[in-house]
$ cat input.csv   # CSV, C-alpha atoms and all ligand atoms
chain,number,residue,atom,x,y,z
A,1,MET,CA,99.9,31.9,48.4
A,2,SER,CA,102.8,33.2,50.4
A,3,VAL,CA,102.9,33.4,54.2
A,4,PRO,CA,104.4,36.8,54.8
A,5,PRO,CA,106.9,37.9,57.4
A,6,GLY,CA,105.1,38.7,60.7
A,7,SER,CA,103.3,35.4,60.5
A,8,THR,CA,103.9,32.5,62.9
A,9,ILE,CA,105.6,29.3,62.0
A,10,GLY,CA,104.9,26.2,64.1
A,11,ILE,CA,107.8,23.8,64.6
A,12,LEU,CA,107.2,20.2,65.8
A,13,GLY,CA,110.3,19.2,67.7
A,14,GLY,CA,112.4,21.4,69.8
A,15,GLY,CA,116.0,20.2,69.2
A,16,GLN,CA,118.9,22.1,67.6
A,17,LEU,CA,117.4,21.9,64.1
A,18,GLY,CA,114.3,23.7,65.4
A,19,ARG,CA,116.5,26.1,67.2
A,20,MET,CA,118.4,27.1,64.1
A,21,LEU,CA,115.2,27.2,62.0
A,22,ALA,CA,113.7,29.6,64.5
A,23,MET,CA,116.8,31.8,64.4
A,24,ALA,CA,116.6,31.9,60.6
A,25,ALA,CA,112.9,32.6,60.7
A,26,ALA,CA,113.4,35.4,63.1
A,27,GLN,CA,115.8,37.1,60.7
A,28,LEU,CA,113.0,37.2,58.1
A,29,GLY,CA,110.6,38.6,60.6
A,30,TYR,CA,108.6,35.4,61.5
A,31,LYS,CA,107.7,34.3,65.0
A,32,CYS,CA,108.0,30.6,65.9
A,33,HIS,CA,105.9,28.4,68.1
A,34,VAL,CA,107.7,25.2,69.2
A,35,PHE,CA,105.8,22.1,70.1
A,36,ASP,CA,107.8,19.4,72.1
A,37,PRO,CA,107.2,17.0,75.0
A,38,GLY,CA,110.4,18.0,76.7
A,39,GLU,CA,110.6,20.3,79.7
A,40,ALA,CA,113.1,22.8,78.3
A,41,PRO,CA,113.8,22.0,74.6
A,42,CYS,CA,116.7,24.1,73.3
A,43,ALA,CA,114.6,25.5,70.4
A,44,ALA,CA,112.1,27.0,72.9
A,45,ASP,CA,114.9,29.3,74.2
A,46,VAL,CA,114.8,31.2,70.9
A,47,ALA,CA,111.1,31.0,70.0
A,48,ALA,CA,108.2,33.3,70.8
A,49,ASN,CA,106.0,30.5,72.0
A,50,PHE,CA,106.4,27.0,73.4
A,51,THR,CA,103.8,24.3,73.9
A,52,ARG,CA,104.9,21.4,76.1
A,53,ALA,CA,102.7,18.4,75.1
A,54,ASP,CA,103.1,14.9,73.8
A,55,PHE,CA,103.1,14.4,70.0
A,56,THR,CA,100.1,12.1,70.4
A,57,ASP,CA,98.0,14.8,72.1
A,58,ARG,CA,95.5,15.7,69.4
A,59,ALA,CA,93.8,18.5,71.5
A,60,ALA,CA,97.2,20.2,72.1
A,61,LEU,CA,98.1,19.8,68.4
A,62,GLU,CA,94.8,21.4,67.4
A,63,ALA,CA,95.3,24.3,69.8
A,64,PHE,CA,98.8,24.7,68.5
A,65,GLY,CA,97.5,24.7,64.9
A,66,ARG,CA,95.2,27.6,65.6
A,67,THR,CA,98.1,29.7,66.7
A,68,VAL,CA,100.3,29.2,63.6
A,69,ASP,CA,100.0,30.2,59.9
A,70,VAL,CA,102.2,27.3,58.7
A,71,ALA,CA,103.7,24.3,60.5
A,72,THR,CA,106.8,22.2,59.9
A,73,TYR,CA,108.8,19.5,61.7
A,74,GLU,CA,112.4,19.2,62.6
A,75,PHE,CA,112.2,15.6,63.8
A,76,GLU,CA,111.0,12.6,61.9
A,77,ASN,CA,110.0,10.2,64.6
A,78,LEU,CA,106.6,11.9,65.1
A,79,PRO,CA,103.5,9.7,65.1
A,80,VAL,CA,101.8,10.5,61.8
A,81,ALA,CA,98.1,9.9,62.6
A,82,PRO,CA,97.6,12.8,65.2
A,83,LEU,CA,99.2,15.2,62.7
A,84,GLU,CA,96.1,15.0,60.5
A,85,VAL,CA,94.7,17.9,62.5
A,86,LEU,CA,97.5,20.1,61.2
A,87,GLU,CA,97.7,18.7,57.7
A,88,ALA,CA,96.3,21.7,55.9
A,89,LYS,CA,99.1,23.9,57.3
A,90,LEU,CA,101.9,21.3,57.4
A,91,HIS,CA,104.9,21.4,55.1
A,92,PRO,CA,106.4,19.0,54.3
A,93,SER,CA,103.3,16.9,54.4
A,94,THR,CA,102.8,13.7,56.5
A,95,ARG,CA,103.6,11.7,53.3
A,96,SER,CA,107.3,12.6,53.5
A,97,LEU,CA,107.3,11.8,57.2
A,98,ALA,CA,105.5,8.4,56.8
A,99,VAL,CA,107.9,7.2,54.1
A,100,ALA,CA,111.0,8.3,55.9
A,101,GLN,CA,110.1,6.8,59.2
A,102,ASP,CA,109.9,3.2,58.0
A,103,ARG,CA,113.2,2.0,56.6
A,104,ALA,CA,111.5,-0.7,54.4
A,105,ALA,CA,108.9,1.8,52.9
A,106,GLU,CA,111.8,4.3,52.4
A,107,LYS,CA,114.0,1.8,50.6
A,108,GLN,CA,111.2,0.6,48.4
A,109,PHE,CA,110.2,4.3,47.6
A,110,ILE,CA,113.8,5.1,46.7
A,111,GLU,CA,114.1,2.1,44.4
A,112,ASP,CA,110.7,3.0,42.8
A,113,CYS,CA,112.2,6.5,42.0
A,114,GLY,CA,114.9,4.7,40.0
A,115,ALA,CA,117.8,5.3,42.5
A,116,ARG,CA,120.3,2.7,43.6
A,117,VAL,CA,120.2,1.3,47.2
A,118,ALA,CA,122.2,-1.6,48.8
A,119,PRO,CA,120.5,-5.0,48.3
A,120,TRP,CA,118.1,-5.3,51.1
A,121,ARG,CA,115.2,-7.3,52.6
A,122,ALA,CA,112.6,-6.7,55.3
A,123,VAL,CA,113.1,-9.1,58.2
A,124,ALA,CA,110.8,-10.0,61.2
A,125,SER,CA,112.5,-13.0,62.8
A,126,LEU,CA,115.9,-14.6,63.3
A,127,ALA,CA,115.0,-17.2,60.6
A,128,ASP,CA,114.5,-14.2,58.1
A,129,VAL,CA,117.9,-12.8,59.2
A,130,GLU,CA,119.6,-16.1,58.6
A,131,GLN,CA,117.9,-16.5,55.2
A,132,VAL,CA,119.1,-13.0,54.1
A,133,VAL,CA,122.6,-13.7,55.3
A,134,SER,CA,122.7,-16.8,53.2
A,135,GLU,CA,121.2,-15.0,50.2
A,136,LEU,CA,123.2,-11.7,50.3
A,137,GLY,CA,126.4,-13.0,52.1
A,138,THR,CA,128.2,-10.9,54.7
A,139,PRO,CA,128.7,-8.2,55.7
A,140,VAL,CA,125.1,-7.3,56.4
A,141,VAL,CA,123.8,-4.5,58.6
A,142,LEU,CA,120.5,-4.8,60.5
A,143,LYS,CA,118.6,-1.6,61.0
A,144,THR,CA,115.3,-1.4,62.9
A,145,ARG,CA,112.5,-0.2,60.6
A,146,ARG,CA,111.5,2.5,63.0
A,147,TYR,CA,113.1,4.9,65.5
A,148,GLY,CA,116.7,4.5,64.5
A,149,TYR,CA,119.1,7.5,64.2
A,150,ASP,CA,122.8,8.3,64.4
A,151,GLY,CA,123.6,4.6,64.1
A,152,LYS,CA,121.3,3.6,66.9
A,153,GLY,CA,119.1,0.5,66.4
A,154,GLN,CA,121.8,-1.0,64.1
A,155,ALA,CA,124.0,-4.2,64.3
A,156,TRP,CA,126.5,-5.6,61.9
A,157,ILE,CA,126.8,-9.2,60.9
A,158,ARG,CA,130.3,-9.8,59.6
A,159,ASP,CA,130.1,-13.6,60.0
A,160,PRO,CA,127.0,-15.7,59.6
A,161,ALA,CA,127.5,-16.9,63.2
A,162,GLU,CA,126.8,-13.4,64.4
A,163,ALA,CA,123.2,-13.4,63.1
A,164,ALA,CA,121.6,-14.3,66.4
A,165,SER,CA,123.6,-11.8,68.5
A,166,ALA,CA,122.8,-9.0,66.0
A,167,TRP,CA,119.1,-9.9,66.0
A,168,ALA,CA,119.2,-9.7,69.8
A,169,ALA,CA,121.2,-6.5,69.7
A,170,ILE,CA,118.5,-4.6,67.8
A,171,GLY,CA,115.9,-5.9,70.3
A,172,GLU,CA,114.3,-8.5,67.9
A,173,GLU,CA,112.4,-5.6,66.2
A,174,PRO,CA,111.1,-5.6,62.6
A,175,ALA,CA,114.1,-4.5,60.6
A,176,VAL,CA,115.7,-4.2,57.2
A,177,ALA,CA,118.8,-6.2,56.5
A,178,GLU,CA,121.1,-4.7,53.9
A,179,SER,CA,124.4,-5.5,52.4
A,180,GLY,CA,127.4,-3.5,53.6
A,181,VAL,CA,128.4,-1.1,50.8
A,182,GLU,CA,132.0,-0.7,50.0
A,183,PHE,CA,132.4,3.0,49.6
A,184,SER,CA,135.2,5.5,49.2
A,185,SER,CA,133.3,8.3,50.8
A,186,GLU,CA,129.9,9.4,52.0
A,187,PHE,CA,128.2,12.6,50.8
A,188,SER,CA,124.7,14.2,50.8
A,189,VAL,CA,122.5,16.2,48.6
A,190,VAL,CA,120.6,18.9,50.5
A,191,VAL,CA,117.8,20.2,48.3
A,192,ALA,CA,114.9,22.6,49.0
A,193,ARG,CA,111.7,22.2,46.9
A,194,TRP,CA,108.8,24.6,46.5
A,195,ALA,CA,105.1,23.6,45.9
A,196,ASP,CA,105.3,24.5,42.2
A,197,GLY,CA,108.4,22.2,41.7
A,198,ARG,CA,111.1,24.9,41.8
A,199,HIS,CA,114.1,23.7,43.7
A,200,ALA,CA,117.5,24.9,45.0
A,201,LEU,CA,120.6,22.8,45.6
A,202,TRP,CA,123.8,23.5,47.4
A,203,ASP,CA,127.3,22.2,46.9
A,204,CYS,CA,127.3,18.5,48.1
A,205,PRO,CA,129.1,18.1,51.4
A,206,GLU,CA,131.4,15.1,51.8
A,207,ASN,CA,130.6,13.6,55.2
A,208,GLU,CA,132.8,11.7,57.7
A,209,HIS,CA,131.1,9.6,60.4
A,210,GLY,CA,132.4,7.9,63.6
A,211,ASP,CA,130.3,5.4,65.5
A,212,GLY,CA,127.4,6.1,63.1
A,213,ILE,CA,127.4,9.8,64.0
A,214,LEU,CA,128.3,12.6,61.6
A,215,ARG,CA,131.6,14.2,62.7
A,216,ARG,CA,132.6,16.5,59.8
A,217,SER,CA,131.2,17.8,56.5
A,218,THR,CA,133.4,19.4,53.9
A,219,VAL,CA,132.6,21.4,50.8
A,220,PRO,CA,133.5,21.3,48.1
A,221,CYS,CA,133.6,17.5,48.0
A,222,SER,CA,136.7,15.6,46.6
A,223,ASP,CA,137.1,15.1,42.9
A,224,ALA,CA,136.1,11.4,43.2
A,225,VAL,CA,132.8,12.3,44.8
A,226,ALA,CA,132.2,15.2,42.4
A,227,LEU,CA,132.0,12.6,39.6
A,228,GLN,CA,128.9,11.2,41.2
A,229,VAL,CA,127.2,14.4,42.1
A,230,ALA,CA,125.1,14.8,38.9
A,231,GLU,CA,123.6,11.3,39.3
A,232,ALA,CA,123.0,11.8,43.0
A,233,ARG,CA,121.3,15.1,42.5
A,234,GLU,CA,119.0,13.5,39.9
A,235,ALA,CA,118.1,10.8,42.4
A,236,ALA,CA,117.4,13.3,45.2
A,237,LEU,CA,115.2,15.5,42.9
A,238,ALA,CA,113.3,12.4,41.8
A,239,ILE,CA,112.6,11.5,45.5
A,240,ALA,CA,111.6,15.1,46.4
A,241,GLU,CA,109.3,15.3,43.3
A,242,ALA,CA,107.7,11.9,44.0
A,243,LEU,CA,107.0,12.9,47.6
A,244,GLY,CA,105.6,16.2,46.5
A,245,HIS,CA,107.9,17.5,49.2
A,246,ILE,CA,107.8,21.2,50.3
A,247,GLY,CA,110.9,22.4,52.2
A,248,VAL,CA,114.3,21.0,52.6
A,249,ILE,CA,115.0,17.3,52.1
A,250,THR,CA,118.4,15.6,52.5
A,251,VAL,CA,119.5,12.4,50.8
A,252,GLU,CA,122.6,10.6,52.1
A,253,PHE,CA,124.8,8.7,49.7
A,254,PHE,CA,127.7,6.3,49.6
A,255,ALA,CA,130.1,7.0,46.8
A,256,SER,CA,130.7,3.4,45.6
A,257,GLN,CA,132.6,1.9,42.6
A,258,THR,CA,129.4,1.5,40.7
A,259,GLY,CA,128.1,5.0,41.4
A,260,PRO,CA,126.1,6.7,44.1
A,261,VAL,CA,124.1,4.4,46.4
A,262,VAL,CA,121.4,6.0,48.5
A,263,ASN,CA,121.7,5.2,52.2
A,264,GLU,CA,118.6,7.1,53.5
A,265,PHE,CA,116.8,10.4,53.3
A,266,ALA,CA,115.7,12.9,56.0
A,267,PRO,CA,112.6,14.9,55.2
A,268,ARG,CA,114.1,18.0,56.8
A,269,VAL,CA,117.1,20.2,57.3
A,270,HIS,CA,120.2,18.1,58.1
A,271,ASN,CA,123.4,18.2,60.1
A,272,SER,CA,125.4,17.9,56.9
A,273,GLY,CA,123.9,21.2,55.8
A,274,HIS,CA,124.9,23.2,58.8
A,275,TRP,CA,127.9,24.6,56.9
A,276,THR,CA,125.4,26.6,54.8
A,277,ILE,CA,124.8,29.1,57.7
A,278,GLU,CA,128.1,30.8,57.1
A,279,GLY,CA,129.3,29.0,54.0
A,280,ALA,CA,126.5,29.8,51.6
A,281,VAL,CA,124.6,32.9,50.7
A,282,THR,CA,121.4,31.4,51.9
A,283,SER,CA,121.4,28.7,54.7
A,284,GLN,CA,119.4,25.5,54.6
A,285,PHE,CA,117.3,26.9,57.5
A,286,GLU,CA,116.4,30.2,55.7
A,287,GLN,CA,115.7,28.3,52.5
A,288,HIS,CA,113.4,25.9,54.4
A,289,VAL,CA,111.5,28.9,55.7
A,290,ARG,CA,111.4,30.4,52.2
A,291,ALA,CA,110.0,27.2,50.7
A,292,ILE,CA,107.3,26.5,53.3
A,293,CYS,CA,106.2,30.2,53.3
A,294,ASP,CA,106.4,30.3,49.5
A,295,LEU,CA,109.0,33.2,49.3
A,296,PRO,CA,111.3,33.1,46.3
A,297,PRO,CA,114.4,30.7,46.5
A,298,GLY,CA,117.5,32.3,47.9
A,299,ASP,CA,121.0,32.1,46.3
A,300,THR,CA,122.8,28.9,47.3
A,301,ALA,CA,126.3,29.8,46.1
A,302,LEU,CA,129.3,29.3,48.3
A,303,VAL,CA,130.5,32.5,49.9
A,304,GLY,CA,134.2,31.5,49.9
A,305,SER,CA,136.2,28.7,48.3
A,306,GLY,CA,134.8,26.1,50.7
A,307,ALA,CA,133.8,25.3,54.3
A,308,VAL,CA,134.4,22.7,56.9
A,309,MET,CA,131.8,21.9,59.6
A,310,ASP,CA,132.9,19.9,62.7
A,311,ASN,CA,130.3,18.6,65.2
A,312,LEU,CA,130.9,19.1,68.9
A,313,ILE,CA,129.8,15.7,70.3
A,314,GLY,CA,129.5,15.1,74.0
A,315,ASP,CA,132.5,16.6,75.9
A,316,ASP,CA,133.8,18.3,72.7
A,317,VAL,CA,131.6,21.2,73.7
A,318,ASN,CA,133.8,21.8,76.7
A,319,ARG,CA,136.5,23.1,74.3
A,320,TRP,CA,134.4,26.2,73.7
A,321,PRO,CA,136.9,28.6,75.4
A,322,GLU,CA,139.6,27.6,72.9
A,323,LEU,CA,137.2,27.6,70.0
A,324,VAL,CA,135.6,31.0,70.5
A,325,ALA,CA,139.1,32.4,70.7
A,326,GLN,CA,140.0,31.1,67.2
A,327,ALA,CA,139.8,33.6,64.3
A,328,GLY,CA,137.3,32.5,61.7
A,329,ALA,CA,135.7,29.7,63.8
A,330,HIS,CA,131.9,30.1,63.8
A,331,VAL,CA,130.9,28.4,67.0
A,332,HIS,CA,127.4,27.2,67.6
A,333,ILE,CA,126.4,25.9,71.0
A,334,TYR,CA,122.9,24.4,71.2
A,335,GLY,CA,122.2,25.2,74.8
A,336,LYS,CA,121.3,21.7,75.7
A,337,GLY,CA,122.8,21.7,79.2
A,338,ALA,CA,125.2,19.0,80.4
A,339,PRO,CA,126.9,17.0,77.6
A,340,SER,CA,126.4,13.2,77.5
A,341,PRO,CA,128.4,10.8,75.3
A,342,GLY,CA,127.3,10.8,71.6
A,343,ARG,CA,125.0,13.8,72.0
A,344,LYS,CA,125.2,16.6,69.5
A,345,MET,CA,126.0,19.7,71.6
A,346,GLY,CA,127.1,22.2,69.0
A,347,HIS,CA,129.2,22.6,65.8
A,348,VAL,CA,132.0,24.8,64.4
A,349,THR,CA,132.2,26.0,60.8
A,350,ARG,CA,135.3,27.4,59.2
A,351,VAL,CA,134.9,29.1,55.8
A,352,ARG,CA,137.9,29.1,53.5
A,353,PRO,CA,138.3,32.5,51.8
N,401,LIG,P1,122.5,5.4,59.1
N,401,LIG,O1,121.9,5.5,60.5
N,401,LIG,O2,121.7,4.5,58.2
N,401,LIG,O3,122.8,6.8,58.5
N,401,LIG,O4,123.9,4.8,59.3
N,401,LIG,C1,125.0,5.4,60.0
N,401,LIG,C2,126.3,5.2,59.3
N,401,LIG,O5,126.6,3.7,59.3
N,401,LIG,C3,126.4,5.6,57.8
N,401,LIG,O6,126.6,6.9,57.7
N,401,LIG,C4,127.5,4.7,57.3
N,401,LIG,O7,128.8,5.2,57.7
N,401,LIG,C5,127.3,3.4,58.1
N,401,LIG,N1,126.4,2.5,57.3
N,401,LIG,C6,125.1,2.4,57.3
N,401,LIG,N2,124.6,1.5,56.4
N,401,LIG,C7,125.6,1.0,55.8
N,401,LIG,C8,125.8,0.1,54.7
N,401,LIG,N3,124.8,-0.6,54.1
N,401,LIG,N4,127.1,-0.1,54.2
N,401,LIG,C9,128.1,0.5,54.8
N,401,LIG,N5,128.0,1.4,55.8
N,401,LIG,C10,126.8,1.6,56.3

$ encode --input "input.csv" --output "structure tokens" --more "lines below"
Ligand code: AMP
Amino acid sequence: MSVPPGSTIGILGGGQLGRMLAMAAAQLGYKCHVFDPGEAPCAADVAANFTRADFTDRAALEAFGRTVDVATYEFENLPVAPLEVLEAKLHPSTRSLAVAQDRAAEKQFIEDCGARVAPWRAVASLADVEQVVSELGTPVVLKTRRYGYDGKGQAWIRDPAEAASAWAAIGEEPAVAESGVEFSSEFSVVVARWADGRHALWDCPENEHGDGILRRSTVPCSDAVALQVAEAREAALAIAEALGHIGVITVEFFASQTGPVVNEFAPRVHNSGHWTIEGAVTSQFEQHVRAICDLPPGDTALVGSGAVMDNLIGDDVNRWPELVAQAGAHVHIYGKGAPSPGRKMGHVTRVRP
């Protein structure tokens, strides 16, 4: 049953993804209610309502649930158990969240879907790490099972002697240890799935990272990546299907010699899909709203011959006077206040005619 325009969409998390979701929802006539523990989350600036409460506050979640017709999340490090009070209205469900927030469960799930991942093991002690390094060889990357993002909670072991320092660097937390993948490029599959299994895919962006943070996404991808897109889309759809996911899900890949290797997935709209705001007929944000409200899928075709999205990280945002003066530069500033190093402050998309 569709949730019609005029209804209220609840958004858990008040960052830039929530902000852009709320803006897309407003275009279709929905109101948004943002739930976030922060004092002034940037999504609240563009939403009709804002609840400031902790994600563990069941009473606040219940009250929030009574004010919304459908709820979604823009952030995956939410505690799952308290969300049960919202479950009947929540898309995607807590299942997508629970799998995505534990790197070991996620890798196992991806493998069970028949997709390729880097050789990996779950580790819980330095002895485990040393054992994995001797089994898999170097390089190995340690990633904390929980609460990692943008390269945080990660440490590389390029020589077996670095095992102890890497284990200390991630705070001796339960982690996965995975082989470093030799890849020519990174790319992602952004897909929206509806409750009845319909889905919509965009062109695959090719993604460039620096210090573990996305810097640039380009569509269309290079010819070398294009050869791997069909297999990657099949893997992404298998993951979305197995989760029973409703809404947008993004699967990140390495283009390796042996084919696409899944790095991870995010059960939500994604930075590598920001180009769709101006570069595609329907953006990932509008499509997410369409999927969770059960409106028909929008057209995902490119509007020009391609698009390039550059993130504005930290002080990059101070270049705004020059950027807003450039013809054809679509400047997005997230309104997060003072920049700090490594923080995503905005992005710029340029569409090629
Ligand atoms: P993640 O937080 O897992 O997305 O990792 C951030 C970035 O680190 C990725 O986009 C890659 O550039 C790099 N990276 C992560 N895992 C691996 C790996 N197993 N092999 C090679 N590069 C990796």

$ closest_atom_pairs --input "input.csv" --of "chain A" --to "ligand LIG 401 (chain N)" --cutoff "10 Å" --atoms "only C-alpha atoms and all ligand atoms" --output "JSON lines"
{"residue": "A:Arg103", "atom": "CA", "partner": "N:LIG401", "partner_atom": "O2", "distance": 9.0}
{"residue": "A:Val117", "atom": "CA", "partner": "N:LIG401", "partner_atom": "N3", "distance": 8.5}
{"residue": "A:Ala118", "atom": "CA", "partner": "N:LIG401", "partner_atom": "N3", "distance": 6.0}
{"residue": "A:Pro119", "atom": "CA", "partner": "N:LIG401", "partner_atom": "N3", "distance": 8.5}
{"residue": "A:Trp120", "atom": "CA", "partner": "N:LIG401", "partner_atom": "N3", "distance": 8.7}
{"residue": "A:Pro139", "atom": "CA", "partner": "N:LIG401", "partner_atom": "N4", "distance": 8.4}
{"residue": "A:Val140", "atom": "CA", "partner": "N:LIG401", "partner_atom": "N3", "distance": 7.1}
{"residue": "A:Val141", "atom": "CA", "partner": "N:LIG401", "partner_atom": "N3", "distance": 6.0}
{"residue": "A:Leu142", "atom": "CA", "partner": "N:LIG401", "partner_atom": "N2", "distance": 8.6}
{"residue": "A:Lys143", "atom": "CA", "partner": "N:LIG401", "partner_atom": "O2", "distance": 7.4}
{"residue": "A:Thr144", "atom": "CA", "partner": "N:LIG401", "partner_atom": "O1", "distance": 9.8}
{"residue": "A:Gly148", "atom": "CA", "partner": "N:LIG401", "partner_atom": "O1", "distance": 6.6}
{"residue": "A:Tyr149", "atom": "CA", "partner": "N:LIG401", "partner_atom": "O1", "distance": 5.1}
{"residue": "A:Asp150", "atom": "CA", "partner": "N:LIG401", "partner_atom": "O1", "distance": 4.9}
{"residue": "A:Gly151", "atom": "CA", "partner": "N:LIG401", "partner_atom": "O1", "distance": 4.1}
{"residue": "A:Lys152", "atom": "CA", "partner": "N:LIG401", "partner_atom": "O1", "distance": 6.7}
{"residue": "A:Gly153", "atom": "CA", "partner": "N:LIG401", "partner_atom": "O1", "distance": 8.2}
{"residue": "A:Gln154", "atom": "CA", "partner": "N:LIG401", "partner_atom": "O1", "distance": 7.4}
{"residue": "A:Ala155", "atom": "CA", "partner": "N:LIG401", "partner_atom": "C6", "distance": 9.7}
{"residue": "A:Trp156", "atom": "CA", "partner": "N:LIG401", "partner_atom": "C7", "distance": 9.0}
{"residue": "A:Ala177", "atom": "CA", "partner": "N:LIG401", "partner_atom": "N3", "distance": 8.6}
{"residue": "A:Glu178", "atom": "CA", "partner": "N:LIG401", "partner_atom": "N3", "distance": 5.5}
{"residue": "A:Ser179", "atom": "CA", "partner": "N:LIG401", "partner_atom": "N3", "distance": 5.2}
{"residue": "A:Gly180", "atom": "CA", "partner": "N:LIG401", "partner_atom": "N4", "distance": 3.5}
{"residue": "A:Val181", "atom": "CA", "partner": "N:LIG401", "partner_atom": "N4", "distance": 3.8}
{"residue": "A:Glu182", "atom": "CA", "partner": "N:LIG401", "partner_atom": "C9", "distance": 6.3}
{"residue": "A:Phe183", "atom": "CA", "partner": "N:LIG401", "partner_atom": "C9", "distance": 7.2}
{"residue": "A:Ser185", "atom": "CA", "partner": "N:LIG401", "partner_atom": "O7", "distance": 8.8}
{"residue": "A:Glu186", "atom": "CA", "partner": "N:LIG401", "partner_atom": "O6", "distance": 7.0}
{"residue": "A:Phe187", "atom": "CA", "partner": "N:LIG401", "partner_atom": "O6", "distance": 9.1}
{"residue": "A:Asn207", "atom": "CA", "partner": "N:LIG401", "partner_atom": "O6", "distance": 8.2}
{"residue": "A:Glu208", "atom": "CA", "partner": "N:LIG401", "partner_atom": "O7", "distance": 7.6}
{"residue": "A:His209", "atom": "CA", "partner": "N:LIG401", "partner_atom": "O7", "distance": 5.7}
{"residue": "A:Gly210", "atom": "CA", "partner": "N:LIG401", "partner_atom": "O7", "distance": 7.4}
{"residue": "A:Asp211", "atom": "CA", "partner": "N:LIG401", "partner_atom": "C2", "distance": 7.4}
{"residue": "A:Gly212", "atom": "CA", "partner": "N:LIG401", "partner_atom": "C1", "distance": 4.0}
{"residue": "A:Ile213", "atom": "CA", "partner": "N:LIG401", "partner_atom": "C1", "distance": 6.4}
{"residue": "A:Leu214", "atom": "CA", "partner": "N:LIG401", "partner_atom": "O6", "distance": 7.1}
{"residue": "A:Glu252", "atom": "CA", "partner": "N:LIG401", "partner_atom": "O3", "distance": 7.4}
{"residue": "A:Phe253", "atom": "CA", "partner": "N:LIG401", "partner_atom": "O6", "distance": 8.4}
{"residue": "A:Phe254", "atom": "CA", "partner": "N:LIG401", "partner_atom": "C9", "distance": 7.8}
{"residue": "A:Ser256", "atom": "CA", "partner": "N:LIG401", "partner_atom": "N4", "distance": 10.0}
{"residue": "A:Val261", "atom": "CA", "partner": "N:LIG401", "partner_atom": "N3", "distance": 9.2}
{"residue": "A:Val262", "atom": "CA", "partner": "N:LIG401", "partner_atom": "N3", "distance": 9.3}
{"residue": "A:Asn263", "atom": "CA", "partner": "N:LIG401", "partner_atom": "O2", "distance": 6.0}
{"residue": "A:Glu264", "atom": "CA", "partner": "N:LIG401", "partner_atom": "O2", "distance": 6.2}
{"residue": "A:Phe265", "atom": "CA", "partner": "N:LIG401", "partner_atom": "O3", "distance": 8.7}
{"residue": "A:Ala266", "atom": "CA", "partner": "N:LIG401", "partner_atom": "O3", "distance": 9.7}

$ residues_around --input "input.csv" --residues "Val303 in chain A" --least-positions-apart "4" --cutoff "8 Å" --atoms "all atoms listed in the file" --output "PDB file with C-alpha atoms, in the coordinates of the input"
ATOM      1  CA  GLU A 278     128.100  30.800  57.100  1.00  0.00           C
ATOM      2  CA  GLY A 279     129.300  29.000  54.000  1.00  0.00           C
ATOM      3  CA  ALA A 280     126.500  29.800  51.600  1.00  0.00           C
ATOM      4  CA  VAL A 281     124.600  32.900  50.700  1.00  0.00           C
TER       5      VAL A 281
END

$ closest_residue --input "input.csv" --among "A:Pro79, A:Gly15, A:Gly247, A:Gly259" --to "Ile333 in chain A" --atoms "all atoms listed in the file"
A:Gly15

$ closest_residue --input "input.csv" --among "A:Glu286, A:Glu135, A:Asp310, A:Glu130" --to "Ala192 in chain A" --atoms "all atoms listed in the file"
A:Glu286

$ closest_residue --input "input.csv" --among "A:Asp159, A:Ala124, A:Arg290, A:Ala232" --to "Arg198 in chain A" --atoms "only C-alpha atoms"
A:Arg290

$ residues_around --input "input.csv" --residues "Asp112 in chain A" --least-positions-apart "6" --cutoff "12 Å" --atoms "only C-alpha atoms" --output "list of chain:residue names"
A:Ala105, A:Glu106, A:Ala235, A:Ala238, A:Ile239, A:Ala242, A:Leu243

$ atom_distance --input "input.csv" --atom1 "CA of Asp203 in chain A" --atom2 "CA of Ile249 in chain A"
14.2 Å

$ closest_residue --input "input.csv" --among "A:Arg215, A:His33, A:Trp202, A:Glu84" --to "Arg58 in chain A" --atoms "all atoms listed in the file"
A:Glu84

$ atom_distance --input "input.csv" --atom1 "CA of Val133 in chain A" --atom2 "CA of Pro160 in chain A"
6.5 Å

$ residues_near_point --input "input.csv" --point "(112.6, 37.0, 59.0)" --cutoff "12 Å" --atoms "only C-alpha atoms" --output "list in words"
Val3, Pro4, Pro5, Gly6, Ser7, Thr8, Ile9, Leu21, Ala22, Met23, Ala24, Ala25, Ala26, Gln27, Leu28, Gly29, Tyr30, Lys31, Cys32, Phe285, Glu286, Gln287, Val289, Arg290, Cys293 and Leu295 of chain A

$ residues_around --input "input.csv" --residues "Phe75 in chain A" --least-positions-apart "3" --cutoff "8 Å" --atoms "only C-alpha atoms" --output "list in words"
Leu12, Gly13, Leu78 and Arg268 of chain A

$ atom_distance --input "input.csv" --atom1 "CA of Pro82 in chain A" --atom2 "CA of Phe109 in chain A"
23.3 Å

$ closest_residue --input "input.csv" --among "A:Glu76, A:Glu231, A:Asp36, A:Glu206" --to "Arg95 in chain A" --atoms "only C-alpha atoms"
A:Glu76

$ residues_around --input "input.csv" --residues "Ala307 in chain A" --least-positions-apart "3" --cutoff "8 Å" --atoms "only C-alpha atoms" --output "PyMOL selection string"
chain A and resi 218-220+275+279+304+349-352

$ closest_residue --input "input.csv" --among "A:Met309, A:Leu302, A:Gly335, A:Ser340" --to "Asp45 in chain A" --atoms "all atoms listed in the file"
A:Gly335

$ residues_around --input "input.csv" --residues "Leu83 in chain A" --least-positions-apart "6" --cutoff "10 Å" --atoms "only C-alpha atoms" --output "compact mmCIF listing (two decimals) with C-alpha atoms, in the frame of the given file"
# COMPACT_ATOMS: atom_id res chain seq x y z
CA LEU A 12 107.20 20.20 65.80
CA PHE A 55 103.10 14.40 70.00
CA THR A 56 100.10 12.10 70.40
CA ASP A 57 98.00 14.80 72.10
CA ARG A 58 95.50 15.70 69.40
CA LEU A 61 98.10 19.80 68.40
CA GLU A 62 94.80 21.40 67.40
CA GLY A 65 97.50 24.70 64.90
CA LEU A 90 101.90 21.30 57.40
CA SER A 93 103.30 16.90 54.40
CA THR A 94 102.80 13.70 56.50
